[in-house]
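**Q** What follows is coords_28.csv, CSV, C-alpha atoms and all ligand atoms.
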```
chain,number,residue,atom,x,y,z
U,269,MET,CA,-22.4,-16.4,15.8
U,270,SER,CA,-22.5,-18.6,12.7
U,271,LYS,CA,-19.5,-20.9,12.2
U,272,ILE,CA,-17.1,-20.3,9.4
U,273,ASN,CA,-16.6,-22.8,6.5
U,274,VAL,CA,-13.4,-24.7,5.9
U,275,ALA,CA,-12.2,-27.0,3.1
U,276,VAL,CA,-9.9,-30.0,3.4
U,277,PHE,CA,-7.6,-30.9,0.5
U,278,ALA,CA,-6.5,-34.6,0.3
U,279,SER,CA,-5.0,-37.0,-2.2
U,280,GLY,CA,-5.1,-40.4,-0.5
U,281,THR,CA,-6.3,-42.4,2.4
U,282,GLY,CA,-7.9,-39.6,4.4
U,283,SER,CA,-7.2,-40.8,7.9
U,284,ASN,CA,-6.7,-37.2,8.9
U,285,PHE,CA,-9.9,-36.1,7.2
U,286,GLU,CA,-11.7,-38.8,9.1
U,287,ALA,CA,-10.1,-37.7,12.4
U,288,ILE,CA,-11.3,-34.2,11.7
U,289,MET,CA,-14.8,-35.4,11.0
U,290,GLU,CA,-14.9,-37.5,14.2
U,291,ALA,CA,-13.4,-34.8,16.4
U,292,GLY,CA,-16.7,-33.2,17.4
U,293,ASP,CA,-17.2,-29.5,17.6
U,294,LEU,CA,-14.3,-27.7,15.9
U,295,SER,CA,-15.9,-24.3,15.8
U,296,CYS,CA,-16.2,-24.5,12.0
U,297,ASN,CA,-18.1,-26.4,9.4
U,298,ILE,CA,-16.1,-28.7,7.1
U,299,VAL,CA,-18.1,-28.1,3.9
U,300,LEU,CA,-15.8,-29.2,1.1
U,301,LEU,CA,-13.3,-31.8,0.2
U,302,ILE,CA,-11.0,-31.1,-2.7
U,303,CYS,CA,-9.2,-34.2,-4.1
U,304,ASP,CA,-6.8,-34.5,-7.1
U,305,ASN,CA,-7.0,-38.3,-7.2
U,306,PRO,CA,-10.2,-40.0,-8.4
U,307,GLY,CA,-9.0,-43.3,-6.9
U,308,ALA,CA,-8.4,-41.9,-3.4
U,309,THR,CA,-10.3,-43.6,-0.5
U,310,VAL,CA,-10.8,-40.2,1.1
U,311,ILE,CA,-13.6,-39.7,-1.4
U,312,GLN,CA,-15.6,-42.5,0.1
U,313,LYS,CA,-14.9,-41.0,3.6
U,314,ALA,CA,-16.4,-37.7,2.4
U,315,GLU,CA,-19.5,-39.5,1.1
U,316,LYS,CA,-19.9,-41.2,4.5
U,317,TYR,CA,-19.9,-37.9,6.2
U,318,GLN,CA,-21.9,-36.2,3.4
U,319,VAL,CA,-19.2,-33.7,2.7
U,320,PRO,CA,-19.5,-32.3,-0.8
U,321,THR,CA,-16.4,-33.2,-2.8
U,322,PHE,CA,-14.7,-31.7,-5.9
U,323,VAL,CA,-12.5,-34.2,-7.6
U,324,PHE,CA,-10.1,-33.1,-10.4
U,325,ARG,CA,-7.2,-34.5,-12.4
U,326,SER,CA,-4.3,-32.1,-12.9
U,327,LYS,CA,-3.7,-33.6,-16.3
U,328,ASP,CA,-7.1,-32.3,-17.5
U,329,TYR,CA,-5.8,-28.8,-17.3
U,330,VAL,CA,-3.0,-27.0,-19.2
U,331,SER,CA,-1.3,-25.7,-16.1
U,332,LYS,CA,-1.4,-25.5,-12.3
U,333,GLU,CA,-2.7,-21.9,-12.7
U,334,GLU,CA,-5.7,-23.2,-14.7
U,335,TYR,CA,-6.8,-25.8,-12.2
U,336,GLU,CA,-6.0,-23.6,-9.2
U,337,LYS,CA,-8.3,-20.9,-10.7
U,338,VAL,CA,-11.1,-23.5,-10.7
U,339,LEU,CA,-10.3,-24.5,-7.1
U,340,VAL,CA,-10.4,-20.9,-6.0
U,341,GLU,CA,-13.9,-20.6,-7.7
U,342,LYS,CA,-15.1,-23.7,-5.8
U,343,LEU,CA,-13.7,-22.4,-2.5
U,344,LYS,CA,-15.4,-19.0,-3.0
U,345,GLU,CA,-18.7,-20.6,-4.0
U,346,ALA,CA,-18.6,-22.5,-0.8
U,347,ASN,CA,-17.7,-19.4,1.2
U,348,ILE,CA,-14.5,-21.1,2.5
U,349,SER,CA,-12.4,-19.1,5.0
U,350,TRP,CA,-9.6,-21.6,5.7
U,351,VAL,CA,-8.0,-24.4,3.8
U,352,PHE,CA,-6.5,-27.5,5.6
U,353,LEU,CA,-4.2,-29.7,3.6
U,354,ALA,CA,-4.3,-33.3,4.8
U,355,GLY,CA,-2.1,-35.4,2.6
U,356,TYR,CA,-2.6,-33.3,-0.5
U,357,MET,CA,0.3,-34.3,-2.7
U,358,ARG,CA,0.6,-31.1,-4.9
U,359,ILE,CA,2.6,-28.0,-4.3
U,360,ILE,CA,0.3,-25.0,-3.8
U,361,GLY,CA,0.9,-22.4,-6.5
U,362,PRO,CA,0.6,-18.6,-6.5
U,363,THR,CA,-3.0,-18.6,-7.6
U,364,LEU,CA,-4.2,-20.3,-4.5
U,365,LEU,CA,-1.6,-18.8,-2.2
U,366,GLU,CA,-2.7,-15.3,-3.3
U,367,ALA,CA,-6.4,-16.0,-3.0
U,368,TYR,CA,-6.0,-17.5,0.5
U,369,GLU,CA,-3.0,-15.7,1.8
U,370,GLY,CA,-2.2,-16.8,5.4
U,371,LYS,CA,-5.2,-19.1,5.4
U,372,ILE,CA,-3.7,-22.4,4.1
U,373,ILE,CA,-2.5,-24.9,6.7
U,374,ASN,CA,-0.7,-28.2,6.3
U,375,ILE,CA,0.2,-31.1,8.5
U,376,HIS,CA,3.5,-32.8,8.0
U,377,PRO,CA,4.8,-36.1,9.6
U,378,SER,CA,8.2,-34.9,10.9
U,379,LEU,CA,9.6,-32.2,13.1
U,380,LEU,CA,10.2,-29.5,10.4
U,381,PRO,CA,12.5,-28.2,9.3
U,382,ASP,CA,13.8,-31.8,9.4
U,383,PHE,CA,12.7,-34.2,6.7
U,384,PRO,CA,10.5,-32.0,4.4
U,385,GLY,CA,8.9,-33.5,1.3
U,386,LYS,CA,7.8,-37.0,0.5
U,387,ASP,CA,8.1,-40.0,2.8
U,388,ALA,CA,9.1,-38.0,5.9
U,389,ILE,CA,8.4,-40.9,8.2
U,390,GLY,CA,10.7,-43.2,6.2
U,391,GLN,CA,13.3,-40.5,5.9
U,392,ALA,CA,13.4,-40.0,9.7
U,393,TYR,CA,13.3,-43.7,10.4
U,394,HIS,CA,16.2,-44.5,8.1
U,395,ALA,CA,18.2,-41.6,9.5
U,396,ARG,CA,17.9,-43.4,12.8
U,397,VAL,CA,16.8,-40.2,14.7
U,398,LYS,CA,15.8,-40.7,18.3
U,399,THR,CA,13.0,-38.2,18.1
U,400,THR,CA,10.7,-37.3,15.3
U,401,GLY,CA,7.2,-35.9,15.4
U,402,VAL,CA,4.4,-34.0,13.7
U,403,THR,CA,4.3,-30.4,12.5
U,404,VAL,CA,1.3,-28.2,11.6
U,405,HIS,CA,2.4,-25.1,9.7
U,406,TYR,CA,1.2,-22.3,7.4
U,407,VAL,CA,1.7,-23.0,3.7
U,408,ASP,CA,4.0,-20.8,1.7
U,409,ALA,CA,5.5,-21.2,-1.7
U,410,GLY,CA,8.1,-23.7,-0.5
U,411,ILE,CA,7.8,-27.4,0.2
U,412,ASP,CA,6.9,-27.7,3.9
U,413,THR,CA,8.6,-24.4,4.8
U,414,GLY,CA,6.0,-22.1,6.1
U,415,PRO,CA,5.8,-20.7,9.7
U,416,ILE,CA,5.2,-23.4,12.3
U,417,ILE,CA,2.0,-23.3,14.3
U,418,ALA,CA,2.4,-26.5,16.4
U,419,GLN,CA,4.7,-29.4,16.9
U,420,GLU,CA,4.5,-32.6,18.8
U,421,GLU,CA,7.5,-34.8,19.5
U,422,ILE,CA,7.5,-38.6,19.2
U,423,GLU,CA,10.3,-40.8,20.6
U,424,VAL,CA,11.7,-43.4,18.2
U,425,LYS,CA,12.3,-46.5,20.3
U,426,GLU,CA,15.0,-49.1,19.6
U,427,ASN,CA,12.4,-51.7,18.8
U,428,ASP,CA,10.3,-49.4,16.5
U,429,THR,CA,9.7,-50.6,13.0
U,430,LEU,CA,8.8,-48.3,10.2
U,431,GLU,CA,5.2,-49.5,10.6
U,432,SER,CA,5.1,-48.9,14.3
U,433,LEU,CA,6.5,-45.5,13.9
U,434,GLU,CA,4.0,-44.7,11.2
U,435,GLU,CA,1.2,-45.8,13.5
U,436,LYS,CA,2.5,-43.6,16.3
U,437,ILE,CA,2.8,-40.6,14.0
U,438,HIS,CA,-0.7,-41.0,12.6
U,439,HIS,CA,-2.1,-41.3,16.1
U,440,VAL,CA,-0.5,-38.0,17.1
U,441,GLU,CA,-1.6,-36.3,13.8
U,442,HIS,CA,-5.2,-37.4,14.4
U,443,GLN,CA,-5.2,-35.6,17.8
U,444,LEU,CA,-3.2,-32.6,16.9
U,445,TYR,CA,-4.8,-31.5,13.6
U,446,PRO,CA,-8.4,-31.2,14.9
U,447,ARG,CA,-7.0,-29.3,18.0
U,448,VAL,CA,-5.1,-26.8,15.9
U,449,MET,CA,-8.0,-26.4,13.5
U,450,LYS,CA,-10.3,-25.5,16.4
U,451,ASP,CA,-7.9,-22.9,17.7
U,452,ILE,CA,-7.0,-21.4,14.4
U,453,VAL,CA,-10.4,-20.9,12.9
U,454,LYS,CA,-11.2,-18.4,15.7
U,455,LYS,CA,-8.5,-16.1,14.4
K,1,LIG,C1,-0.2,-37.6,6.7
K,1,LIG,O1,0.9,-38.3,7.3
K,1,LIG,C2,0.1,-36.2,6.6
K,1,LIG,O2,0.9,-35.7,7.6
K,1,LIG,C3,0.9,-36.1,5.3
K,1,LIG,O3,0.2,-37.0,4.5
K,1,LIG,C4,-0.4,-38.0,5.3
K,1,LIG,C5,-1.8,-38.2,4.9
K,1,LIG,O4,-2.4,-39.3,5.5
K,1,LIG,N1,0.9,-34.7,4.8
K,1,LIG,P1,-4.0,-39.5,5.4
K,1,LIG,O5,-4.4,-39.4,4.0
K,1,LIG,O6,-4.6,-38.4,6.2
K,1,LIG,O7,-4.3,-40.8,6.0
```
Can I see the file as structure tokens?
Ligand code: GRF
**A**
Amino acid sequence: MSKINVAVFASGTGSNFEAIMEAGDLSCNIVLLICDNPGATVIQKAEKYQVPTFVFRSKDYVSKEEYEKVLVEKLKEANISWVFLAGYMRIIGPTLLEAYEGKIINIHPSLLPDFPGKDAIGQAYHARVKTTGVTVHYVDAGIDTGPIIAQEEIEVKENDTLESLEEKIHHVEHQLYPRVMKDIVKK
């Protein structure tokens, strides 16, 4: 059976993208990176793994609908079945949500529904919670609100700094996201 194609969307560093590329056989082919930030280091990572990349700037389009129409075209051209957001800093609009209904997944660095939105690690750290974690979920029209697929808890220790907590969270993300990807693409 031939493997299905998936795309990753990212805006920044791309450590999750790299973890996915390094994870070995995920029962799918990562054939496209979509990036909305021409300065993002994830672009060099995609070059390293020879993953074709489409880079765009939202300000070059009149609306979210306009750029998302282009993204849907790119996804269809590449025969993409699933989309994995990995630090993509834009809210997914109706154009993409309708074209890939139930097929867009996100990873978020907190135990949702706690601490949605930006700087979730900092939010949890400053709230002095004893436990935080990582969530993988389906994307819906809200911000980090879709049905949860998998969660992993992380203890916040007395001596944790924001940096040490970030490190622990990213470490868990890098294990969890490839695992969920492998499971979900079989559905
Ligand atoms: C990760 O913490 C992810 O959970 C969040 O954005 C961050 C992306 O990091 N959505 P990276 O670009 O994969 O290093």
**Q** Please give me, as a PyMOL selection string, the residues lying within 7 Å of ligand LIG 1 (chain K) when counting all atoms listed in the file.
**A** chain U and resi 278-285+354-356+374-377+438+441
**Q** Report, in Å with one decimal, the straight-line distance from atom CA of Leu364 of chain U to atom CA of Pro306 of chain U.
**A**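 Atom CA of Pro306 of chain U lies at a distance of 21.0 Å from atom CA of Leu364 of chain U.
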**Q** Using all atoms listed in the file for the distances, tell me which of U:Cys303, U:Ile437, U:Val424, U:Leu380 is nearest to Arg358 of chain U.
**A**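 Result for the nearest residue to Arg358 of chain U: U:Cys303.
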**Q** Looking at U:Pro384, U:Pro415, U:Lys454, U:Glu315, which one is nearest to Ser270 of chain U, with distances taken over all atoms listed in the file?
**A**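 The answer is U:Lys454, which sits nearest to Ser270 of chain U.
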**Q** Of the residues U:Leu343, U:Glu366, U:Ile417, U:Val351, which is the one nearest to Asp451 of chain U, using all atoms listed in the file?
**A**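 Going through U:Leu343, U:Glu366, U:Ile417, U:Val351 one by one, the smallest distance to Asp451 of chain U is for U:Ile417.
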**Q** Just the number, please: distance in Å from atom CA of Tyr317 of chain U to atom CA of Glu286 of chain U, one decimal.
**A**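 The value is 8.7 Å.
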**Q** When you get a chance, write out N, CA and C atoms for segment 433-452 of chain U, as an mmCIF file, in the coordinates of the input.
**A**
```
data_model
loop_
_atom_site.group_PDB
_atom_site.id
_atom_site.type_symbol
_atom_site.label_atom_id
_atom_site.label_comp_id
_atom_site.auth_asym_id
_atom_site.auth_seq_id
_atom_site.Cartn_x
_atom_site.Cartn_y
_atom_site.Cartn_z
ATOM 1 N N LEU U 433 6.299 -46.927 13.838
ATOM 2 C CA LEU U 433 6.500 -45.500 13.900
ATOM 3 C C LEU U 433 5.421 -44.749 13.114
ATOM 4 N N GLU U 434 5.067 -45.274 11.955
ATOM 5 C CA GLU U 434 4.000 -44.700 11.200
ATOM 6 C C GLU U 434 2.689 -44.604 11.996
ATOM 7 N N GLU U 435 2.439 -45.698 12.673
ATOM 8 C CA GLU U 435 1.200 -45.800 13.500
ATOM 9 C C GLU U 435 1.227 -44.696 14.597
ATOM 10 N N LYS U 436 2.373 -44.569 15.265
ATOM 11 C CA LYS U 436 2.500 -43.600 16.300
ATOM 12 C C LYS U 436 2.291 -42.159 15.790
ATOM 13 N N ILE U 437 2.915 -41.921 14.638
ATOM 14 C CA ILE U 437 2.800 -40.600 14.000
ATOM 15 C C ILE U 437 1.382 -40.273 13.646
ATOM 16 N N HIS U 438 0.729 -41.223 13.008
ATOM 17 C CA HIS U 438 -0.700 -41.000 12.600
ATOM 18 C C HIS U 438 -1.550 -40.731 13.802
ATOM 19 N N HIS U 439 -1.300 -41.488 14.848
ATOM 20 C CA HIS U 439 -2.100 -41.300 16.100
ATOM 21 C C HIS U 439 -1.976 -39.872 16.584
ATOM 22 N N VAL U 440 -0.748 -39.376 16.616
ATOM 23 C CA VAL U 440 -0.500 -38.000 17.100
ATOM 24 C C VAL U 440 -1.186 -36.998 16.120
ATOM 25 N N GLU U 441 -1.025 -37.234 14.820
ATOM 26 C CA GLU U 441 -1.600 -36.300 13.800
ATOM 27 C C GLU U 441 -3.145 -36.205 14.068
ATOM 28 N N HIS U 442 -3.763 -37.354 14.334
ATOM 29 C CA HIS U 442 -5.200 -37.400 14.400
ATOM 30 C C HIS U 442 -5.733 -36.621 15.660
ATOM 31 N N GLN U 443 -4.856 -36.460 16.666
ATOM 32 C CA GLN U 443 -5.200 -35.600 17.800
ATOM 33 C C GLN U 443 -4.885 -34.165 17.569
ATOM 34 N N LEU U 444 -3.691 -33.958 17.003
ATOM 35 C CA LEU U 444 -3.200 -32.600 16.900
ATOM 36 C C LEU U 444 -3.909 -31.737 15.864
ATOM 37 N N TYR U 445 -4.213 -32.322 14.698
ATOM 38 C CA TYR U 445 -4.800 -31.500 13.600
ATOM 39 C C TYR U 445 -6.149 -30.915 13.985
ATOM 40 N N PRO U 446 -7.064 -31.737 14.514
ATOM 41 C CA PRO U 446 -8.400 -31.200 14.900
ATOM 42 C C PRO U 446 -8.193 -30.067 15.966
ATOM 43 N N ARG U 447 -7.248 -30.289 16.905
ATOM 44 C CA ARG U 447 -7.000 -29.300 18.000
ATOM 45 C C ARG U 447 -6.572 -27.965 17.391
ATOM 46 N N VAL U 448 -5.605 -28.031 16.484
ATOM 47 C CA VAL U 448 -5.100 -26.800 15.900
ATOM 48 C C VAL U 448 -6.186 -26.146 15.029
ATOM 49 N N MET U 449 -6.963 -26.968 14.344
ATOM 50 C CA MET U 449 -8.000 -26.400 13.500
ATOM 51 C C MET U 449 -9.001 -25.614 14.369
ATOM 52 N N LYS U 450 -9.383 -26.182 15.482
ATOM 53 C CA LYS U 450 -10.300 -25.500 16.400
ATOM 54 C C LYS U 450 -9.777 -24.155 16.842
ATOM 55 N N ASP U 451 -8.491 -24.156 17.180
ATOM 56 C CA ASP U 451 -7.900 -22.900 17.700
ATOM 57 C C ASP U 451 -7.766 -21.865 16.550
ATOM 58 N N ILE U 452 -7.342 -22.315 15.387
ATOM 59 C CA ILE U 452 -7.000 -21.400 14.400
ATOM 60 C C ILE U 452 -8.171 -20.711 13.668
#
```
